[in-house]
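Structure record follows, encoded as structure tokens.
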Amino acid sequence: MLQDRETARKYFLQVWAKQCNSQPMEAMERIVAAVILNHPEYHPLLEAGEAAVQAEYTPEMGQTNPFLHMGMHIAIQEQLSTDRPPGIVAAHRKLLNHVGDPHEVEHRMMECLGECLWQAQRNNTMPDEQQYLNQLNELI
């Protein structure tokens, strides 16, 4: 597991370099590469190297953190691959039937996941999986 912000960001850069050079990738790298490919707006950033690793992305600066954004996509895909929390696959399927676009569905799910994680951090508790599922189901 990635230990810190710099290591996580460098991992994205390494995966992107492998993708650009058609190098073989491990399973997790293929997932990360697929997420990156779905975000062409971040490709120049990933090619910026160390500048991207050290950059600050804050809402106050009017910026979305591209690494956090892509990481949330990966987290949702991992949740779906394990059906954790139980019921997320069914909620995703319903939302997909309603919205139609898998990428947009993940964006909507991210809002709920972000809220769930923010509440857990604020309350110094584990994330409330049931509340997360409830929020997802309210999107439908």
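In the structure tokens, each chain is lettered A, B, ... as it comes, each chain's residues begin at 1, and ligands are numbered from 1 in order of appearance.
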
So which bits of stretch 40-104 of chain A end up alpha helix (DSSP H) when you DSSP the backbone, as number ranges by chain? A: 43-46, 50-54, 66-82, 88-99, 102-104

Taking 2 positions as the minimum chain separation for residues in the same chain, which residues sit within 7 Å of stretch 81-98 of chain A when counting only C-alpha atoms? Answer as a PyMOL selection string. chain A and resi 77-79+100-102+105+129+133+136-137+140

Between A:Val15, A:Ala33, A:Val99, A:Val53, which is the closest to A:Ile74 once you count only C-alpha atoms? A:Ala33

For A:Gln119, the closest of A:Asn65, A:Asn21, A:Gln131, A:Thr7 counting only C-alpha atoms is A:Gln131

A:Ala120, A:Glu115, A:Lys10, A:Gly71 ranked by distance to A:Gln135, top pick (using only C-alpha atoms):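 Among the listed residues, the smallest separation from A:Gln135 belongs to A:Glu115.
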
Shell around A:Glu6 at 12 Å using only C-alpha atoms, local window under 5 positions removed, as a list in words: Tyr11, Phe12, Leu13, Gly49, Glu50, Ala51, Ala52, Val53, Gln54, Ala55, Glu56 and Phe67 of chain A

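Closest approach to A:Arg30 among A:Gln14, A:Asn134, A:Leu68, A:Pro44: A:Gln14, based on only C-alpha atoms.
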